[in-house]
Protein chains: 4
Amino acid sequence: MLPVGEPKFRRRKADRPDEIVEAALQVFAAKGFAAARLDDIAARAGVSKGALYLYFATKEEIFRAVVELAIAPNLKGVLAMVAAHPGPFADLVAQFTARMAEVVENSPVGRVAKMVIGEAQNFPALAGVWHDELVAPALGAVAGAIAAAQARGEVRPGDPRAYALSLVGPMLLGAIWRETFVPVGAEPFDLSGLARQHAQAILTGMLTNESRAA
Amino acid sequence: MLPVGEPKFRRRKADRPDEIVEAALQVFAAKGFAAARLDDIAARAGVSKGALYLYFATKEEIFRAVVELAIAPNLKGVLAMVAAHPGPFADLVAQFTARMAEVVENSPVGRVAKMVIGEAQNFPALAGVWHDELVAPALGAVAGAIAAAQARGEVRPGDPRAYALSLVGPMLLGAIWRETFVPVGAEPFDLSGLARQHAQAILTGMLTNESRAA
Amino acid sequence: MLPVGEPKFRRRKADRPDEIVEAALQVFAAKGFAAARLDDIAARAGVSKGALYLYFATKEEIFRAVVELAIAPNLKGVLAMVAAHPGPFADLVAQFTARMAEVVENSPVGRVAKMVIGEAQNFPALAGVWHDELVAPALGAVAGAIAAAQARGEVRPGDPRAYALSLVGPMLLGAIWRETFVPVGAEPFDLSGLARQHAQAILTGMLTNESRAA
Amino acid sequence: MLPVGEPKFRRRKADRPDEIVEAALQVFAAKGFAAARLDDIAARAGVSKGALYLYFATKEEIFRAVVELAIAPNLKGVLAMVAAHPGPFADLVAQFTARMAEVVENSPVGRVAKMVIGEAQNFPALAGVWHDELVAPALGAVAGAIAAAQARGEVRPGDPRAYALSLVGPMLLGAIWRETFVPVGAEPFDLSGLARQHAQAILTGMLTNESRAA
DNA sequence: TATGAATGAGTGTTCATTCAT
DNA sequence: AATGAATGAACACTCATTCAT
């Protein structure tokens with residue numbers, strides 16, 4: 001009952017960066033990098049504009065932190081799952097696509113991905129981070145699992161990276177669709193249903209006759 | 001004493017808007033909407049900055065014209081092909097994916113698409129145009145062809161729109177990959193090869209046993 | 001009688017840079033480089049802040065233009081006088097000091113010099129310009145004339161550059177005095193009188209007995 | 001459980017202001033007033049930025065303290081020497097110029113002087129302090145000694161203040177030269193040599209024929 | 001039709017100063 | 001006495017848009 005009114009200074013250094021990055025995620029996702037105003041980020045984080053510079057040197061650094069925030073917790077787990085999976089390949093694909101649809105549906109990855117794509121020219125460093133830390137490892141892991149399945153005779157011959165794109169492309173496009181076109185009136189996709197249907201179709205085409213029979 | 005013989009080959013004024021849009025396409029594609037400067041567009045079009053406003057009311061109008069320019073000639077033809085195709089479905093898919101890979105590889109559609117995605121929040125009108133005039137008709141046409149093939153018993157049951165996404169997703173993702181990650185060192189995809197391999201795989205999964213046997 | 005009221009655009013490109021530099025001279029002299037605000041310069045020049053950037057790329061460029069403005073017309077003439085002087089040395093000194101006092105008294109050289117001195121650390125480039133284009137040539141010319149007079153037996157042995165400083169030091173210090181201390185209540189110096197008295201005293205000390213007798 | 005043995009050699013709090021002023025001298029001399037950052041001063045003094053405000057109300061107050069620090073110990077002694085000197089005038093001048101060259105060479109007076117000159121407009125109070133406490137007394141003392149020598153028939157008639165400027169000008173200009181132009185590549189002066197040569201020349205011009213003969 | 005000088009609102013960044021601890 | 005997180009006003013520079021010519 002004592003502390004009345006908002007104290008002017010909150011003194012919570014440890015929490016601030018996360019609060020700022022969280023606020024920045026909202027603003028960047030809503031406006032894109034260039035159109036996002038530091039004033040807005042500060043206001044949404046409940047700090048002054050100057051306070052931003054206690055934790056980040058430039059606007060671009062804040063963006064980078066947002067990207068890293070979106071990367072780290074969301075997809076590392078999926079990768080581990082893929083890497084560790086023993087087989088058969090059909091099971092992996094079913095689990096993987098379902099998990100991917102879930103992540104896309106419930107995390108800001110889609111919004112951040114859109115930002116990275118949109119700002120790639122002006123901030124190649126960000127595209128680089130996103131590629132090196134997320135996209136390339138993810139694609140590599142999936143391609144690796146495919147190659148292993150090919151070696152086991154489960155999957156037909158063909159470029160494993162291209163197969164990986166065949167596998168994940170529709171879900172990612174669904175995520176972009178949701179962020180880009182649904183707000184202007186497009187009919188949304190049911191990402192989980194899409195994932196299921198696509199997994200079944202693409203699997204049938206990828207598996208060898210023998211493993212398909214199994 | 002009067003200025004004599006001044007214009008040698010004065011450009012037709014009727015050409016100006018197209019020249020401007022063409023220049024704007026380059027600049028927007030290189031920088032994105034917000035970072036593109038009207039000065040650059042004017043310089044590249046060989047006109048003064050003020051002249052831009054004789055033909056377009058705002059920067060956004062120029063962007064809109066660019067989007068429309070990129071849409072019209074490039075994809076309308078593909079749509080016509082799809083709409084008119086009699087069957088069998090397998091042939092259509094082979095033709096369609098090959099043509100799509102070609103368009104993506106040789107036209108600025110990929111770059112413009114990236115811009116639209118990136119600026120969708122700030123300029124929903126543009127995402128709307130892109131959706132209404134390109135994406136929705138295209139997806140509809142493909143879904144329609146799929147539905148027809150399902151009716152003919154060529155394609156398995158399932159949501160035709162989702163199947164359409166399964167069909168085009170990997171190629172579009174390949175286009176985004178090229179524009180976004182290849183410049184920062186990612187390994188490029190061979191879009192034509194990807195189209196072929198994907199078409200074969202997804203077709204196998206989509207076709208009914210009967211039609212597959214055929 | 002027709003043009004009533006101030007037109008919004010004046011369209012006098014040729015005159016603008018000079019007007020801006022003139023205004024900048026006032027403001028820089030009054031505040032120093034760092035404390036001068038571009039708004040003030042623009043307002044005093046009767047243009048918008050943006051217009052400044054049509055003619056100068058940065059604040060520092062404006063400063064540089066001011067420095068060059070103050071250098072060029074004021075002291076080049078003095079140098080020519082010194083370089084061309086045939087002798088005797090005593091006559092040269094009398095003319096030179098008088099002219100120098102006059103320039104210091106009636107031109108902004110003093111104020112600009114003070115700025116250059118004050119900002120030398122932060123903008124070494126400016127000190128460099130001032131040194132290379134004004135101070136070093138001037139000192140060199142005077143030292144050269146002294147060396148020539150020594151060769152003719154008119155002036156006693158000794159370092160010509162140091163003699164040059166002996167010659168000009170008091171007048172320059174008088175200029176600094178006027179700009180720095182007179183505004184806070186210091187008693188001013190009569191620069192012309194100072195020049196005369198100093199010239200006589202230092203000349204006596206510099207001349208050889210023979211030439212002094214002459 | 002209480003904090004034990006925390007301070008080893010905690011600095012006496014009484015020393016703090018001096019440490020701050022000493023640090024400020026370095027920073028102000030290196031950057032000038034406006035460009036000096038309180039952060040830098042605090043860091044160099046080994047205290048927090050907030051601690052500065054325990055001892056000084058504003059940045060300007062710190063500057064004032066620096067000026068006073070630089071004034072007091074360095075030139076008061078010279079003045080005393082001048083005031084107390086019995087004569088002959090030639091001896092006084094020799095001693096005085098030598099001592100002045102030494103002070104200028106080995107103390108921060110030159111740098112602080114440059115700051116005062118550069119910031120005089122923005123902080124007239126400082127120019128006032130510098131004038132009232134240093135420059136005016138010094139000039140007065142020298143002028144007084146000259147007047148006394150004139151009364152004794154040692155020095156020719158003429159304005160004693162102007163003679164004083166003739167005496168000290170070159171050395172002060174040498175100090176400014178060192179701080180301003182040597183860092184940008186100018187050839188330095190040997191201040192002691194300059195002082196000797198100048199003293200001899202100006203003395204010859206100032207002394208009466210009788211005293212010169214002596 | 002065309003120019004391009006001019007505008008002025010907008011924004012990232014800095015930094016002296018304050019204050020809860 | 002001392003800290004250092006936080007503030008907020010200030011300012012250089014940009015650029016879409018206007019308009020006299």
# chains A, B, ... in the order shown; residues from 1 in each chain; ligands from 1
$ interface_residues --of "chain A" --to "chain B" --cutoff "8 Å" --atoms "only C-alpha atoms" --output "count of residues only"
50
$ residues_around --residues "stretch 12-21 of chain F" --least-positions-apart "2" --cutoff "12 Å" --atoms "only C-alpha atoms (C1' of nucleotides)" --output "PyMOL selection string"
(chain B and resi 34-40+49-53+56-60) or (chain C and resi 7-12+34+36-39+49-54+56-60) or (chain E and resi 2-14) or (chain F and resi 10)
$ write_last_selection --atoms "C-alpha atoms (C1' of nucleotides)" --output "CSV table (one decimal), in the first residue's frame"
chain,number,residue,atom,x,y,z
B,34,ALA,CA,11.7,3.5,-47.4
B,35,ALA,CA,15.3,3.7,-48.3
B,36,ALA,CA,14.8,4.5,-51.9
B,37,ARG,CA,15.3,8.2,-52.6
B,38,LEU,CA,13.3,10.1,-55.2
B,39,ASP,CA,16.5,11.9,-56.2
B,40,ASP,CA,18.0,8.6,-57.3
B,49,LYS,CA,12.9,15.4,-59.3
B,50,GLY,CA,10.1,17.8,-59.9
B,51,ALA,CA,9.1,16.1,-63.1
B,52,LEU,CA,8.2,13.0,-61.1
B,53,TYR,CA,5.3,14.9,-59.7
B,56,PHE,CA,2.7,10.6,-59.9
B,57,ALA,CA,1.2,12.3,-56.9
B,58,THR,CA,3.4,10.6,-54.2
B,59,LYS,CA,6.2,8.2,-53.7
B,60,GLU,CA,3.6,5.5,-52.9
C,7,PRO,CA,8.1,35.5,-52.2
C,8,LYS,CA,8.5,32.1,-50.6
C,9,PHE,CA,11.3,31.1,-53.0
C,10,ARG,CA,13.9,33.6,-54.0
C,11,ARG,CA,15.8,31.6,-56.5
C,12,ARG,CA,19.2,33.2,-56.3
C,34,ALA,CA,30.5,23.8,-31.5
C,36,ALA,CA,26.9,27.6,-33.3
C,37,ARG,CA,23.5,26.3,-34.4
C,38,LEU,CA,22.7,25.7,-38.0
C,39,ASP,CA,19.3,27.0,-37.3
C,49,LYS,CA,18.0,24.9,-42.7
C,50,GLY,CA,17.7,22.5,-45.5
C,51,ALA,CA,18.9,25.1,-48.0
C,52,LEU,CA,22.2,25.1,-46.2
C,53,TYR,CA,22.8,21.6,-47.4
C,54,LEU,CA,22.2,22.6,-51.0
C,56,PHE,CA,27.5,22.7,-48.1
C,57,ALA,CA,27.7,19.1,-47.2
C,58,THR,CA,28.4,19.5,-43.4
C,59,LYS,CA,28.7,22.1,-40.7
C,60,GLU,CA,32.4,21.7,-41.0
E,2,DA,C1',9.9,20.8,-67.1
E,3,DT,C1',13.2,22.5,-63.8
E,4,DG,C1',15.7,22.6,-59.5
E,5,DA,C1',16.0,25.7,-55.6
E,6,DA,C1',13.7,25.8,-51.4
E,7,DT,C1',11.2,24.1,-47.7
E,8,DG,C1',10.4,22.1,-43.0
E,9,DA,C1',8.9,18.4,-40.5
E,10,DG,C1',11.0,14.4,-38.8
E,11,DT,C1',14.6,11.3,-36.5
E,12,DG,C1',18.9,9.0,-34.7
E,13,DT,C1',22.1,10.2,-31.4
E,14,DT,C1',24.6,12.8,-27.6
F,10,DA,C1',19.0,19.7,-28.2
$ residues_around --residues "B:Ser211" --least-positions-apart "2" --cutoff "8 Å" --atoms "only C-alpha atoms (C1' of nucleotides)" --output "list of chain:residue names"
B:Gly153, B:Glu154, B:Val155, B:Leu207, B:Thr208, B:Asn209, B:Ala213, B:Ala214
$ closest_atom_pairs --of "chain F" --to "chain D" --cutoff "9 Å" --atoms "only C-alpha atoms (C1' of nucleotides)" --output "tab-separated table"
residue	atom	partner	partner_atom	distance
F:DA1	C1'	D:Lys13	CA	8.2
F:DA2	C1'	D:Ala51	CA	6.2
F:DT3	C1'	D:Ser48	CA	6.4
F:DG4	C1'	D:Ser48	CA	7.3
$ interface_residues --of "chain E" --to "chain D" --cutoff "12 Å" --atoms "only C-alpha atoms (C1' of nucleotides)" --output "PyMOL selection string"
chain E and resi 14-19
$ select_by_dssp --residues "stretch 6-133 of chain C" --states "alpha helix (DSSP H)" --output "ChimeraX atom specification"
/C:16-31,38-45,49-55,59-84,89-106,109-119,124-130
$ residues_around --residues "D:Ala148" --least-positions-apart "5" --cutoff "12 Å" --atoms "only C-alpha atoms (C1' of nucleotides)" --output "VMD selection string"
chain D and resid 82 to 89 140 to 143 153 to 157 160
$ decode --residues "stretch 53-190 of chain D" --atoms "C-alpha atoms" --output "PDB file, in the first residue's frame"
ATOM      1  CA  TYR D  53      27.943  17.235  -8.845  1.00  0.00           C
ATOM      2  CA  LEU D  54      28.809  16.843  -5.214  1.00  0.00           C
ATOM      3  CA  TYR D  55      31.584  19.350  -5.716  1.00  0.00           C
ATOM      4  CA  PHE D  56      30.575  21.462  -8.669  1.00  0.00           C
ATOM      5  CA  ALA D  57      27.177  22.703  -9.659  1.00  0.00           C
ATOM      6  CA  THR D  58      27.707  22.767 -13.419  1.00  0.00           C
ATOM      7  CA  LYS D  59      30.196  22.008 -16.108  1.00  0.00           C
ATOM      8  CA  GLU D  60      30.982  25.688 -16.246  1.00  0.00           C
ATOM      9  CA  GLU D  61      31.920  25.688 -12.583  1.00  0.00           C
ATOM     10  CA  ILE D  62      34.418  22.949 -13.241  1.00  0.00           C
ATOM     11  CA  PHE D  63      35.852  24.972 -16.068  1.00  0.00           C
ATOM     12  CA  ARG D  64      36.160  27.951 -13.786  1.00  0.00           C
ATOM     13  CA  ALA D  65      38.006  25.880 -11.230  1.00  0.00           C
ATOM     14  CA  VAL D  66      40.376  24.679 -13.908  1.00  0.00           C
ATOM     15  CA  VAL D  67      41.102  28.209 -15.003  1.00  0.00           C
ATOM     16  CA  GLU D  68      41.793  29.246 -11.475  1.00  0.00           C
ATOM     17  CA  LEU D  69      43.961  26.252 -10.868  1.00  0.00           C
ATOM     18  CA  ALA D  70      46.040  27.011 -13.933  1.00  0.00           C
ATOM     19  CA  ILE D  71      46.369  30.651 -13.078  1.00  0.00           C
ATOM     20  CA  ALA D  72      47.354  30.636  -9.475  1.00  0.00           C
ATOM     21  CA  PRO D  73      50.556  28.730  -9.065  1.00  0.00           C
ATOM     22  CA  ASN D  74      52.060  29.421 -12.413  1.00  0.00           C
ATOM     23  CA  LEU D  75      52.150  33.105 -12.929  1.00  0.00           C
ATOM     24  CA  LYS D  76      51.819  34.679  -9.558  1.00  0.00           C
ATOM     25  CA  GLY D  77      55.482  33.986  -8.971  1.00  0.00           C
ATOM     26  CA  VAL D  78      56.522  35.726 -12.132  1.00  0.00           C
ATOM     27  CA  LEU D  79      54.535  38.744 -11.164  1.00  0.00           C
ATOM     28  CA  ALA D  80      56.152  38.940  -7.801  1.00  0.00           C
ATOM     29  CA  MET D  81      59.490  38.879  -9.477  1.00  0.00           C
ATOM     30  CA  VAL D  82      58.588  41.739 -11.736  1.00  0.00           C
ATOM     31  CA  ALA D  83      57.030  43.821  -9.012  1.00  0.00           C
ATOM     32  CA  ALA D  84      59.953  43.448  -6.703  1.00  0.00           C
ATOM     33  CA  HIS D  85      62.687  44.001  -9.236  1.00  0.00           C
ATOM     34  CA  PRO D  86      64.909  46.993  -8.481  1.00  0.00           C
ATOM     35  CA  GLY D  87      66.570  47.392 -11.886  1.00  0.00           C
ATOM     36  CA  PRO D  88      68.332  47.877 -14.155  1.00  0.00           C
ATOM     37  CA  PHE D  89      65.560  47.252 -16.629  1.00  0.00           C
ATOM     38  CA  ALA D  90      67.720  45.194 -18.980  1.00  0.00           C
ATOM     39  CA  ASP D  91      68.293  42.605 -16.283  1.00  0.00           C
ATOM     40  CA  LEU D  92      64.624  42.411 -15.469  1.00  0.00           C
ATOM     41  CA  VAL D  93      63.722  41.806 -19.076  1.00  0.00           C
ATOM     42  CA  ALA D  94      66.283  39.066 -19.449  1.00  0.00           C
ATOM     43  CA  GLN D  95      65.053  37.286 -16.362  1.00  0.00           C
ATOM     44  CA  PHE D  96      61.421  37.854 -17.122  1.00  0.00           C
ATOM     45  CA  THR D  97      61.415  36.565 -20.664  1.00  0.00           C
ATOM     46  CA  ALA D  98      63.436  33.522 -19.714  1.00  0.00           C
ATOM     47  CA  ARG D  99      61.084  32.679 -16.887  1.00  0.00           C
ATOM     48  CA  MET D 100      58.084  33.237 -19.092  1.00  0.00           C
ATOM     49  CA  ALA D 101      59.409  30.923 -21.770  1.00  0.00           C
ATOM     50  CA  GLU D 102      59.979  28.304 -19.118  1.00  0.00           C
ATOM     51  CA  VAL D 103      56.485  28.564 -17.700  1.00  0.00           C
ATOM     52  CA  VAL D 104      54.914  28.438 -21.110  1.00  0.00           C
ATOM     53  CA  GLU D 105      57.025  25.454 -22.006  1.00  0.00           C
ATOM     54  CA  ASN D 106      56.383  23.383 -18.905  1.00  0.00           C
ATOM     55  CA  SER D 107      52.897  24.196 -17.706  1.00  0.00           C
ATOM     56  CA  PRO D 108      49.421  23.848 -19.078  1.00  0.00           C
ATOM     57  CA  VAL D 109      49.005  27.615 -19.193  1.00  0.00           C
ATOM     58  CA  GLY D 110      49.241  27.614 -22.942  1.00  0.00           C
ATOM     59  CA  ARG D 111      46.503  25.088 -23.383  1.00  0.00           C
ATOM     60  CA  VAL D 112      44.227  26.729 -20.887  1.00  0.00           C
ATOM     61  CA  ALA D 113      44.827  30.093 -22.485  1.00  0.00           C
ATOM     62  CA  LYS D 114      43.771  28.681 -25.793  1.00  0.00           C
ATOM     63  CA  MET D 115      40.578  27.362 -24.238  1.00  0.00           C
ATOM     64  CA  VAL D 116      39.794  30.689 -22.659  1.00  0.00           C
ATOM     65  CA  ILE D 117      40.311  32.431 -25.957  1.00  0.00           C
ATOM     66  CA  GLY D 118      38.164  29.951 -27.799  1.00  0.00           C
ATOM     67  CA  GLU D 119      35.290  29.959 -25.344  1.00  0.00           C
ATOM     68  CA  ALA D 120      35.401  33.625 -24.461  1.00  0.00           C
ATOM     69  CA  GLN D 121      32.168  34.444 -26.274  1.00  0.00           C
ATOM     70  CA  ASN D 122      30.171  31.656 -24.755  1.00  0.00           C
ATOM     71  CA  PHE D 123      31.559  32.085 -21.278  1.00  0.00           C
ATOM     72  CA  PRO D 124      32.476  35.712 -20.864  1.00  0.00           C
ATOM     73  CA  ALA D 125      32.662  35.168 -17.153  1.00  0.00           C
ATOM     74  CA  LEU D 126      35.702  33.022 -17.705  1.00  0.00           C
ATOM     75  CA  ALA D 127      37.404  35.525 -19.917  1.00  0.00           C
ATOM     76  CA  GLY D 128      36.627  37.973 -17.165  1.00  0.00           C
ATOM     77  CA  VAL D 129      38.255  35.843 -14.502  1.00  0.00           C
ATOM     78  CA  TRP D 130      41.262  35.209 -16.667  1.00  0.00           C
ATOM     79  CA  HIS D 131      41.585  38.880 -17.446  1.00  0.00           C
ATOM     80  CA  ASP D 132      41.040  40.183 -13.969  1.00  0.00           C
ATOM     81  CA  GLU D 133      43.131  37.673 -12.137  1.00  0.00           C
ATOM     82  CA  LEU D 134      45.904  37.020 -14.547  1.00  0.00           C
ATOM     83  CA  VAL D 135      46.238  39.030 -17.679  1.00  0.00           C
ATOM     84  CA  ALA D 136      45.467  42.506 -16.409  1.00  0.00           C
ATOM     85  CA  PRO D 137      47.662  42.228 -13.303  1.00  0.00           C
ATOM     86  CA  ALA D 138      50.475  40.766 -15.338  1.00  0.00           C
ATOM     87  CA  LEU D 139      50.264  43.394 -18.002  1.00  0.00           C
ATOM     88  CA  GLY D 140      49.928  46.048 -15.359  1.00  0.00           C
ATOM     89  CA  ALA D 141      52.972  44.835 -13.514  1.00  0.00           C
ATOM     90  CA  VAL D 142      55.080  44.795 -16.620  1.00  0.00           C
ATOM     91  CA  ALA D 143      53.773  48.170 -17.723  1.00  0.00           C
ATOM     92  CA  GLY D 144      54.504  49.476 -14.246  1.00  0.00           C
ATOM     93  CA  ALA D 145      58.058  48.279 -14.400  1.00  0.00           C
ATOM     94  CA  ILE D 146      58.440  49.910 -17.782  1.00  0.00           C
ATOM     95  CA  ALA D 147      57.005  53.177 -16.538  1.00  0.00           C
ATOM     96  CA  ALA D 148      59.384  53.090 -13.619  1.00  0.00           C
ATOM     97  CA  ALA D 149      62.289  52.502 -15.983  1.00  0.00           C
ATOM     98  CA  GLN D 150      61.095  55.388 -18.077  1.00  0.00           C
ATOM     99  CA  ALA D 151      61.049  57.547 -14.983  1.00  0.00           C
ATOM    100  CA  ARG D 152      64.582  56.470 -14.272  1.00  0.00           C
ATOM    101  CA  GLY D 153      65.545  57.462 -17.836  1.00  0.00           C
ATOM    102  CA  GLU D 154      66.290  53.884 -18.822  1.00  0.00           C
ATOM    103  CA  VAL D 155      63.497  53.424 -21.328  1.00  0.00           C
ATOM    104  CA  ARG D 156      62.420  55.713 -24.093  1.00  0.00           C
ATOM    105  CA  PRO D 157      59.136  57.540 -23.977  1.00  0.00           C
ATOM    106  CA  GLY D 158      56.062  55.749 -25.241  1.00  0.00           C
ATOM    107  CA  ASP D 159      52.921  53.961 -24.022  1.00  0.00           C
ATOM    108  CA  PRO D 160      54.066  51.514 -21.347  1.00  0.00           C
ATOM    109  CA  ARG D 161      51.182  49.104 -21.986  1.00  0.00           C
ATOM    110  CA  ALA D 162      52.028  48.962 -25.651  1.00  0.00           C
ATOM    111  CA  TYR D 163      55.658  48.354 -24.775  1.00  0.00           C
ATOM    112  CA  ALA D 164      54.540  45.556 -22.500  1.00  0.00           C
ATOM    113  CA  LEU D 165      52.705  43.965 -25.374  1.00  0.00           C
ATOM    114  CA  SER D 166      55.818  44.372 -27.520  1.00  0.00           C
ATOM    115  CA  LEU D 167      57.702  42.524 -24.844  1.00  0.00           C
ATOM    116  CA  VAL D 168      55.433  39.549 -24.234  1.00  0.00           C
ATOM    117  CA  GLY D 169      53.611  39.217 -27.548  1.00  0.00           C
ATOM    118  CA  PRO D 170      56.071  37.002 -29.374  1.00  0.00           C
ATOM    119  CA  MET D 171      56.369  34.511 -26.538  1.00  0.00           C
ATOM    120  CA  LEU D 172      52.629  34.207 -26.131  1.00  0.00           C
ATOM    121  CA  LEU D 173      52.233  33.841 -29.853  1.00  0.00           C
ATOM    122  CA  GLY D 174      54.849  31.128 -29.723  1.00  0.00           C
ATOM    123  CA  ALA D 175      52.776  29.324 -27.118  1.00  0.00           C
ATOM    124  CA  ILE D 176      49.659  29.564 -29.256  1.00  0.00           C
ATOM    125  CA  TRP D 177      51.665  28.377 -32.225  1.00  0.00           C
ATOM    126  CA  ARG D 178      52.782  25.334 -30.359  1.00  0.00           C
ATOM    127  CA  GLU D 179      49.281  24.390 -29.279  1.00  0.00           C
ATOM    128  CA  THR D 180      47.539  25.204 -32.513  1.00  0.00           C
ATOM    129  CA  PHE D 181      49.777  24.640 -35.470  1.00  0.00           C
ATOM    130  CA  VAL D 182      52.508  22.263 -34.430  1.00  0.00           C
ATOM    131  CA  PRO D 183      49.973  19.414 -34.129  1.00  0.00           C
ATOM    132  CA  VAL D 184      49.075  19.923 -37.784  1.00  0.00           C
ATOM    133  CA  GLY D 185      52.631  19.829 -38.975  1.00  0.00           C
ATOM    134  CA  ALA D 186      53.977  23.310 -38.458  1.00  0.00           C
ATOM    135  CA  GLU D 187      57.632  23.719 -37.616  1.00  0.00           C
ATOM    136  CA  PRO D 188      57.919  24.400 -33.889  1.00  0.00           C
ATOM    137  CA  PHE D 189      59.698  27.341 -32.355  1.00  0.00           C
ATOM    138  CA  ASP D 190      62.410  27.019 -29.770  1.00  0.00           C
TER     139      ASP D 190
END
